file model.cif (mmCIF, C-alpha atoms)
data_final
#
loop_
_atom_site.label_atom_id
_atom_site.label_comp_id
_atom_site.auth_asym_id
_atom_site.auth_seq_id
_atom_site.Cartn_x
_atom_site.Cartn_y
_atom_site.Cartn_z
CA MET A 3 -0.49 73.13 43.59
CA SER A 4 -0.76 74.62 40.12
CA VAL A 5 2.60 74.66 38.39
CA THR A 6 1.67 75.37 34.78
CA ARG A 7 2.63 79.07 34.96
CA ASP A 8 6.10 78.16 36.22
CA GLU A 9 6.65 75.13 33.97
CA ALA A 10 8.36 76.90 31.05
CA ARG A 11 10.64 78.79 33.42
CA PHE A 12 11.48 75.53 35.18
CA TRP A 13 12.41 73.59 32.04
CA SER A 14 14.52 76.51 30.78
CA LYS A 15 16.84 75.75 33.72
CA VAL A 16 17.35 72.08 32.77
CA ILE A 17 19.98 70.80 30.35
CA LYS A 18 19.47 67.28 29.07
CA GLY A 19 22.50 65.23 28.15
CA PRO A 20 22.76 64.13 24.50
CA ARG A 21 22.80 60.39 25.11
CA GLU A 22 19.70 58.28 25.71
CA ASN A 23 20.31 57.64 29.43
CA ASP A 24 22.09 60.89 30.38
CA CYS A 25 21.10 62.99 33.35
CA TRP A 26 18.90 66.06 33.05
CA LEU A 27 20.83 68.62 35.06
CA TRP A 28 19.53 71.61 36.97
CA THR A 29 21.19 74.96 36.17
CA GLY A 30 19.18 77.18 38.50
CA ALA A 31 19.78 78.09 42.12
CA VAL A 32 21.72 75.67 44.33
CA GLY A 33 21.20 75.74 48.08
CA ASP A 34 23.90 75.40 50.71
CA ASP A 35 23.25 71.65 50.81
CA GLY A 36 24.33 71.17 47.16
CA TYR A 37 20.82 70.48 45.86
CA GLY A 38 18.79 72.72 43.57
CA ARG A 39 16.11 75.24 44.53
CA PHE A 40 13.26 76.60 42.46
CA TRP A 41 10.79 79.27 43.51
CA ILE A 42 7.14 78.94 42.54
CA LYS A 43 4.30 81.38 43.02
CA THR A 44 1.62 80.39 45.50
CA PRO A 45 -1.65 82.08 46.44
CA THR A 46 0.09 83.57 49.50
CA GLY A 47 3.46 84.48 47.92
CA GLN A 48 6.35 82.24 46.94
CA GLN A 49 7.65 78.85 47.96
CA ALA A 50 11.02 77.17 47.38
CA VAL A 51 10.79 73.63 46.05
CA ARG A 52 13.33 71.00 45.12
CA PRO A 53 13.66 70.85 41.33
CA GLN A 54 13.66 67.05 41.31
CA ARG A 55 10.34 66.98 43.17
CA LEU A 56 8.81 69.48 40.78
CA ALA A 57 10.11 67.49 37.80
CA HIS A 58 8.52 64.38 39.29
CA LEU A 59 5.20 66.20 39.67
CA LEU A 60 5.33 67.66 36.15
CA LEU A 61 6.29 64.36 34.50
CA THR A 62 4.19 61.88 36.48
CA GLY A 63 1.37 64.01 37.89
CA GLU A 64 2.09 62.51 41.32
CA GLN A 65 2.31 64.86 44.31
CA LEU A 66 4.68 63.16 46.75
CA HIS A 67 3.97 63.18 50.46
CA PRO A 68 6.52 65.41 52.25
CA ASP A 69 7.96 62.35 54.05
CA ILE A 70 8.78 60.65 50.73
CA LYS A 71 12.24 61.33 49.32
CA LEU A 72 13.43 61.07 45.73
CA LEU A 73 16.45 58.79 45.59
CA HIS A 74 19.02 59.34 42.84
CA SER A 75 20.09 56.19 41.01
CA CYS A 76 22.69 58.31 39.17
CA ASP A 77 23.96 59.90 42.39
CA ILE A 78 24.17 63.36 40.80
CA PRO A 79 22.52 65.90 43.15
CA LEU A 80 21.50 68.22 40.30
CA CYS A 81 19.77 65.51 38.23
CA VAL A 82 16.03 66.06 37.73
CA ARG A 83 15.30 63.11 35.42
CA ALA A 84 12.21 62.00 37.34
CA THR A 85 10.06 60.49 34.60
CA GLY A 86 8.57 57.75 36.75
CA GLY A 87 9.48 55.19 34.08
CA ARG A 88 12.36 52.79 33.55
CA ASP A 89 14.48 55.69 32.24
CA SER A 90 14.02 57.71 35.44
CA HIS A 91 17.10 58.55 37.50
CA LEU A 92 14.96 59.37 40.54
CA PHE A 93 12.55 57.14 42.38
CA PRO A 94 10.39 57.67 45.46
CA GLY A 95 11.46 56.13 48.74
CA THR A 96 11.42 56.58 52.48
CA GLN A 97 14.23 58.13 54.50
CA VAL A 98 15.19 54.61 55.66
CA GLU A 99 15.44 53.47 52.02
CA ASN A 100 17.47 56.59 51.22
CA LEU A 101 19.92 55.83 54.04
CA MET A 102 20.16 52.17 52.99
CA ASP A 103 20.81 53.22 49.37
CA ARG A 104 23.48 55.65 50.55
CA SER A 105 25.17 53.00 52.69
CA GLN A 106 25.05 50.29 50.01
CA LYS A 107 26.61 52.67 47.48
CA ARG A 108 29.17 53.86 50.05
CA ARG A 109 28.02 57.48 49.73
CA HIS A 110 28.03 58.15 53.45
CA ALA A 111 30.34 60.70 55.07
CA ASN A 112 32.96 58.08 55.98
CA ALA A 113 33.16 56.62 52.48
CA HIS A 114 36.01 57.68 50.27
CA SER A 115 35.09 55.80 47.12
CA TRP A 116 32.19 57.97 45.99
CA ARG A 117 32.94 61.03 43.91
CA TRP A 118 30.76 63.50 45.86
CA ARG A 119 30.47 62.22 49.46
CA GLY A 120 33.03 62.29 52.18
CA VAL A 121 34.07 65.78 51.07
CA GLY A 122 32.09 67.80 53.60
CA ARG A 123 29.05 69.98 53.08
CA VAL A 124 30.96 73.05 51.86
CA ASN A 125 32.87 71.09 49.20
CA PHE A 126 29.77 69.09 48.25
CA THR A 127 27.93 72.35 47.59
CA ALA A 128 30.93 73.80 45.75
CA ARG A 129 30.99 70.75 43.44
CA SER A 130 27.30 71.14 42.64
CA ARG A 131 27.75 74.82 41.90
CA GLN A 132 30.85 74.17 39.80
CA LEU A 133 28.90 71.64 37.71
CA ARG A 134 25.98 74.06 37.38
CA ASP A 135 28.25 76.94 36.36
CA ALA A 136 30.04 74.80 33.78
CA LEU A 137 26.70 73.78 32.27
CA LYS A 138 25.62 77.41 32.06
CA ALA A 139 28.92 78.46 30.48
CA HIS A 140 29.50 75.55 28.09
CA GLY A 141 26.22 73.65 27.75
CA TRP A 142 26.67 69.88 27.78
CA GLU A 143 30.30 69.86 26.66
CA GLU A 144 31.45 66.29 27.39
CA SER A 145 35.08 67.20 28.09
CA VAL A 146 33.97 69.68 30.76
CA ILE A 147 30.82 68.07 32.20
CA ARG A 148 31.85 64.41 32.54
CA PRO A 149 34.88 65.07 34.78
CA LEU A 150 32.76 67.30 37.02
CA MET A 151 30.05 64.65 37.27
CA SER A 152 32.77 62.18 38.26
CA GLY A 153 34.04 64.54 40.95
CA HIS A 154 37.21 65.60 39.14
CA ASP A 155 38.15 69.24 38.78
CA PRO A 156 39.20 69.80 35.14
CA ASP A 157 41.26 72.81 36.22
CA ALA A 158 43.23 70.87 38.83
CA PRO A 159 46.91 70.48 37.97
CA THR A 160 48.02 67.02 36.94
CA LEU A 161 51.25 65.25 37.83
CA PHE A 162 52.09 64.50 34.21
#
call {"tool": "encode", "arguments": {"input": "model.cif", "output": "structure tokens"}}
result
Amino acid sequence: MSVTRDEARFWSKVIKGPRENDCWLWTGAVGDDGYGRFWIKTPTGQQAVRPQRLAHLLLTGEQLHPDIKLLHSCDIPLCVRATGGRDSHLFPGTQVENLMDRSQKRRHANAHSWRWRGVGRVNFTARSRQLRDALKAHGWEESVIRPLMSGHDPDAPTLF
């Protein structure tokens, strides 16, 4: 797959955090599963790809087998920091490894300790889109972005 013609358009939809180990967050389309979507041109038309997989291809040159997942060490669905190095937030793994990672981090649907899981698909997607929209409106504004990455709504009323 040739991606060079789409590369500039792809990176224009990524905002990198200011600190050395921050996420690189996707600001393009978000599917109904809460993960990003990016459309590339193919010889026969267009194809939707996951932004994290495309980032992995662009940064490492490695085309992943369709059965291989990219696991998020940061647990932020919109993160595309897939450098392949020690600074990468995404690493290749099998579905079994993905499920084990999810269980060990208590990100499964029955867990209540993780900031994004256990909220249902609709809310999970809404959180991703809220984070994306805040990035588009404010850039990487710490006071806005960090609470959203932690699963807190900055507009929610407080008790005190």
call {"tool": "resolve_selection", "arguments": {"input": "model.cif", "expression": "the PyMOL selection byres ((chain A and resi 74) around 6)", "output": "list in words"}}
result
Leu73, Ser75, Cys76, Asp77, His91 and Leu92 of chain A
call {"tool": "residues_around", "arguments": {"input": "model.cif", "residues": "A:Glu144", "least_positions_apart": "6", "cutoff": "10 Å", "atoms": "all atoms listed in the file", "output": "tab-separated table (two decimals) with C-alpha atoms, in the frame of the given file"}}
result
chain	number	residue	atom	x	y	z
A	19	GLY	CA	22.50	65.23	28.15
A	20	PRO	CA	22.76	64.13	24.50
A	150	LEU	CA	32.76	67.30	37.02
call {"tool": "closest_residue", "arguments": {"input": "model.cif", "among": "A:Lys15, A:Arg104, A:Arg21, A:Lys138", "to": "A:Ala57", "atoms": "only C-alpha atoms"}}
result
A:Lys15
call {"tool": "atom_distance", "arguments": {"input": "model.cif", "atom1": "atom CA of A:Asp103", "atom2": "atom CA of A:Leu66"}}
result
19.1 Å
call {"tool": "resolve_selection", "arguments": {"input": "model.cif", "expression": "the PyMOL selection byres ((chain A and resi 17) around 9)", "output": "MDAnalysis selection string"}}
result
chainID A and resid 13:16 18:19 25:29 137:138 141:142
call {"tool": "resolve_selection", "arguments": {"input": "model.cif", "expression": "the PyMOL selection byres ((chain A and resi 95) around 12)", "output": "list in words"}}
result
Leu66, His67, Pro68, Asp69, Ile70, Lys71, Leu72, Leu73, His74, Ser75, Leu92, Phe93, Pro94, Thr96, Gln97, Val98, Glu99, Asn100, Leu101, Met102 and Asp103 of chain A
call {"tool": "closest_residue", "arguments": {"input": "model.cif", "among": "A:Pro149, A:Gln106, A:Arg88, A:Phe126", "to": "A:Asn23", "atoms": "all atoms listed in the file"}}
result
A:Arg88
call {"tool": "closest_residue", "arguments": {"input": "model.cif", "among": "A:Gln49, A:Asp34, A:Gln132, A:Glu9", "to": "A:Ile147", "atoms": "all atoms listed in the file"}}
result
A:Gln132
call {"tool": "closest_residue", "arguments": {"input": "model.cif", "among": "A:Val51, A:Leu59, A:Ala139, A:Leu80", "to": "A:Tyr37", "atoms": "only C-alpha atoms"}}
result
A:Leu80
call {"tool": "closest_residue", "arguments": {"input": "model.cif", "among": "A:Asp35, A:Ser90, A:Asp8, A:Ile42", "to": "A:Thr62", "atoms": "all atoms listed in the file"}}
result
A:Ser90
call {"tool": "closest_residue", "arguments": {"input": "model.cif", "among": "A:Asn125, A:Arg131, A:Lys107, A:Gly87", "to": "A:Ala31", "atoms": "only C-alpha atoms"}}
result
A:Arg131
call {"tool": "residues_around", "arguments": {"input": "model.cif", "residues": "A:Lys43", "least_positions_apart": "3", "cutoff": "12 Å", "atoms": "all atoms listed in the file", "output": "ChimeraX atom specification"}}
result
/A:3-9,11,40,46-51
call {"tool": "atom_distance", "arguments": {"input": "model.cif", "atom1": "atom CA of A:Ser130", "atom2": "atom CA of A:Gly36"}}
result
5.4 Å
call {"tool": "decode", "arguments": {"input": "model.cif", "residues": "stretch 124-139 of chain A", "atoms": "all heavy atoms", "output": "mmCIF file, in the first residue's frame"}}
result
data_model
loop_
_atom_site.group_PDB
_atom_site.id
_atom_site.type_symbol
_atom_site.label_atom_id
_atom_site.label_comp_id
_atom_site.auth_asym_id
_atom_site.auth_seq_id
_atom_site.Cartn_x
_atom_site.Cartn_y
_atom_site.Cartn_z
ATOM 1 N N VAL A 124 -21.627 3.587 23.736
ATOM 2 C CA VAL A 124 -22.066 4.928 23.366
ATOM 3 C C VAL A 124 -21.272 5.980 24.132
ATOM 4 O O VAL A 124 -20.778 6.955 23.555
ATOM 5 C CB VAL A 124 -23.589 5.088 23.614
ATOM 6 C CG1 VAL A 124 -24.025 6.532 23.456
ATOM 7 C CG2 VAL A 124 -24.370 4.195 22.660
ATOM 8 N N ASN A 125 -21.110 5.787 25.441
ATOM 9 C CA ASN A 125 -20.349 6.750 26.239
ATOM 10 C C ASN A 125 -18.860 6.714 25.924
ATOM 11 O O ASN A 125 -18.187 7.741 25.952
ATOM 12 C CB ASN A 125 -20.588 6.527 27.731
ATOM 13 C CG ASN A 125 -21.975 6.953 28.143
ATOM 14 O OD1 ASN A 125 -22.562 7.852 27.547
ATOM 15 N ND2 ASN A 125 -22.514 6.305 29.153
ATOM 16 N N PHE A 126 -18.338 5.529 25.635
ATOM 17 C CA PHE A 126 -16.932 5.385 25.249
ATOM 18 C C PHE A 126 -16.657 6.212 23.990
ATOM 19 O O PHE A 126 -15.704 6.977 23.918
ATOM 20 C CB PHE A 126 -16.634 3.901 25.009
ATOM 21 C CG PHE A 126 -15.209 3.595 24.666
ATOM 22 C CD1 PHE A 126 -14.240 3.524 25.646
ATOM 23 C CD2 PHE A 126 -14.841 3.346 23.344
ATOM 24 C CE1 PHE A 126 -12.926 3.217 25.327
ATOM 25 C CE2 PHE A 126 -13.537 3.037 23.023
ATOM 26 C CZ PHE A 126 -12.575 2.978 24.022
ATOM 27 N N THR A 127 -17.547 6.080 23.012
ATOM 28 C CA THR A 127 -17.412 6.846 21.771
ATOM 29 C C THR A 127 -17.582 8.332 22.035
ATOM 30 O O THR A 127 -16.824 9.155 21.503
ATOM 31 C CB THR A 127 -18.448 6.355 20.742
ATOM 32 O OG1 THR A 127 -18.203 4.973 20.488
ATOM 33 C CG2 THR A 127 -18.366 7.132 19.447
ATOM 34 N N ALA A 128 -18.530 8.691 22.873
ATOM 35 C CA ALA A 128 -18.750 10.108 23.207
ATOM 36 C C ALA A 128 -17.514 10.711 23.855
ATOM 37 O O ALA A 128 -17.145 11.852 23.565
ATOM 38 C CB ALA A 128 -19.961 10.252 24.120
ATOM 39 N N ARG A 129 -16.835 9.951 24.719
ATOM 40 C CA ARG A 129 -15.614 10.452 25.366
ATOM 41 C C ARG A 129 -14.496 10.674 24.345
ATOM 42 O O ARG A 129 -13.781 11.662 24.416
ATOM 43 C CB ARG A 129 -15.156 9.497 26.463
ATOM 44 C CG ARG A 129 -16.044 9.561 27.678
ATOM 45 C CD ARG A 129 -15.532 8.663 28.766
ATOM 46 N NE ARG A 129 -16.419 8.746 29.925
ATOM 47 C CZ ARG A 129 -16.198 8.124 31.059
ATOM 48 N NH1 ARG A 129 -15.133 7.371 31.208
ATOM 49 N NH2 ARG A 129 -17.045 8.249 32.057
ATOM 50 N N SER A 130 -14.361 9.750 23.416
ATOM 51 C CA SER A 130 -13.345 9.927 22.372
ATOM 52 C C SER A 130 -13.642 11.173 21.545
ATOM 53 O O SER A 130 -12.744 11.969 21.248
ATOM 54 C CB SER A 130 -13.288 8.708 21.450
ATOM 55 O OG SER A 130 -12.669 7.623 22.085
ATOM 56 N N ARG A 131 -14.885 11.332 21.170
ATOM 57 C CA ARG A 131 -15.258 12.490 20.349
ATOM 58 C C ARG A 131 -15.133 13.794 21.130
ATOM 59 O O ARG A 131 -14.749 14.822 20.570
ATOM 60 C CB ARG A 131 -16.665 12.300 19.789
ATOM 61 C CG ARG A 131 -16.683 11.211 18.733
ATOM 62 C CD ARG A 131 -18.049 10.945 18.160
ATOM 63 N NE ARG A 131 -17.959 9.930 17.111
ATOM 64 C CZ ARG A 131 -18.978 9.227 16.682
ATOM 65 N NH1 ARG A 131 -20.190 9.419 17.190
ATOM 66 N NH2 ARG A 131 -18.806 8.322 15.737
ATOM 67 N N GLN A 132 -15.430 13.762 22.415
ATOM 68 C CA GLN A 132 -15.284 14.963 23.238
ATOM 69 C C GLN A 132 -13.809 15.357 23.327
ATOM 70 O O GLN A 132 -13.471 16.539 23.210
ATOM 71 C CB GLN A 132 -15.855 14.709 24.633
ATOM 72 C CG GLN A 132 -15.838 15.931 25.525
ATOM 73 C CD GLN A 132 -16.425 15.644 26.898
ATOM 74 O OE1 GLN A 132 -16.429 14.511 27.374
ATOM 75 N NE2 GLN A 132 -16.913 16.687 27.548
ATOM 76 N N LEU A 133 -12.927 14.379 23.501
ATOM 77 C CA LEU A 133 -11.490 14.651 23.534
ATOM 78 C C LEU A 133 -11.029 15.199 22.191
ATOM 79 O O LEU A 133 -10.324 16.206 22.120
ATOM 80 C CB LEU A 133 -10.720 13.376 23.902
ATOM 81 C CG LEU A 133 -9.198 13.463 23.872
ATOM 82 C CD1 LEU A 133 -8.684 14.561 24.794
ATOM 83 C CD2 LEU A 133 -8.585 12.117 24.238
ATOM 84 N N ARG A 134 -11.452 14.568 21.112
ATOM 85 C CA ARG A 134 -11.092 15.032 19.766
ATOM 86 C C ARG A 134 -11.574 16.461 19.530
ATOM 87 O O ARG A 134 -10.832 17.313 19.054
ATOM 88 C CB ARG A 134 -11.705 14.094 18.716
ATOM 89 C CG ARG A 134 -11.327 14.448 17.295
ATOM 90 C CD ARG A 134 -12.410 14.647 16.271
ATOM 91 N NE ARG A 134 -13.757 14.781 16.670
ATOM 92 C CZ ARG A 134 -14.768 14.114 16.123
ATOM 93 N NH1 ARG A 134 -14.556 13.225 15.175
ATOM 94 N NH2 ARG A 134 -16.000 14.330 16.510
ATOM 95 N N ASP A 135 -12.810 16.755 19.883
ATOM 96 C CA ASP A 135 -13.369 18.086 19.665
ATOM 97 C C ASP A 135 -12.643 19.145 20.496
ATOM 98 O O ASP A 135 -12.422 20.265 20.029
ATOM 99 C CB ASP A 135 -14.867 18.097 19.976
ATOM 100 C CG ASP A 135 -15.670 17.247 18.993
ATOM 101 O OD1 ASP A 135 -15.127 16.862 17.927
ATOM 102 O OD2 ASP A 135 -16.844 16.962 19.303
ATOM 103 N N ALA A 136 -12.267 18.786 21.719
ATOM 104 C CA ALA A 136 -11.522 19.726 22.565
ATOM 105 C C ALA A 136 -10.147 20.010 21.965
ATOM 106 O O ALA A 136 -9.686 21.161 21.983
ATOM 107 C CB ALA A 136 -11.387 19.168 23.978
ATOM 108 N N LEU A 137 -9.499 18.995 21.435
ATOM 109 C CA LEU A 137 -8.199 19.189 20.785
ATOM 110 C C LEU A 137 -8.331 20.110 19.581
ATOM 111 O O LEU A 137 -7.497 20.994 19.366
ATOM 112 C CB LEU A 137 -7.615 17.849 20.339
ATOM 113 C CG LEU A 137 -7.034 16.972 21.429
ATOM 114 C CD1 LEU A 137 -6.937 15.535 20.962
ATOM 115 C CD2 LEU A 137 -5.672 17.508 21.857
ATOM 116 N N LYS A 138 -9.376 19.914 18.798
ATOM 117 C CA LYS A 138 -9.577 20.753 17.614
ATOM 118 C C LYS A 138 -9.888 22.195 18.000
ATOM 119 O O LYS A 138 -9.457 23.129 17.329
ATOM 120 C CB LYS A 138 -10.704 20.169 16.758
ATOM 121 C CG LYS A 138 -10.290 18.881 16.049
ATOM 122 C CD LYS A 138 -11.446 18.177 15.404
ATOM 123 C CE LYS A 138 -11.874 18.847 14.132
ATOM 124 N NZ LYS A 138 -12.854 18.029 13.372
ATOM 125 N N ALA A 139 -10.616 22.379 19.088
ATOM 126 C CA ALA A 139 -11.011 23.726 19.511
ATOM 127 C C ALA A 139 -9.913 24.465 20.271
ATOM 128 O O ALA A 139 -9.757 25.675 20.118
ATOM 129 C CB ALA A 139 -12.269 23.646 20.380
#
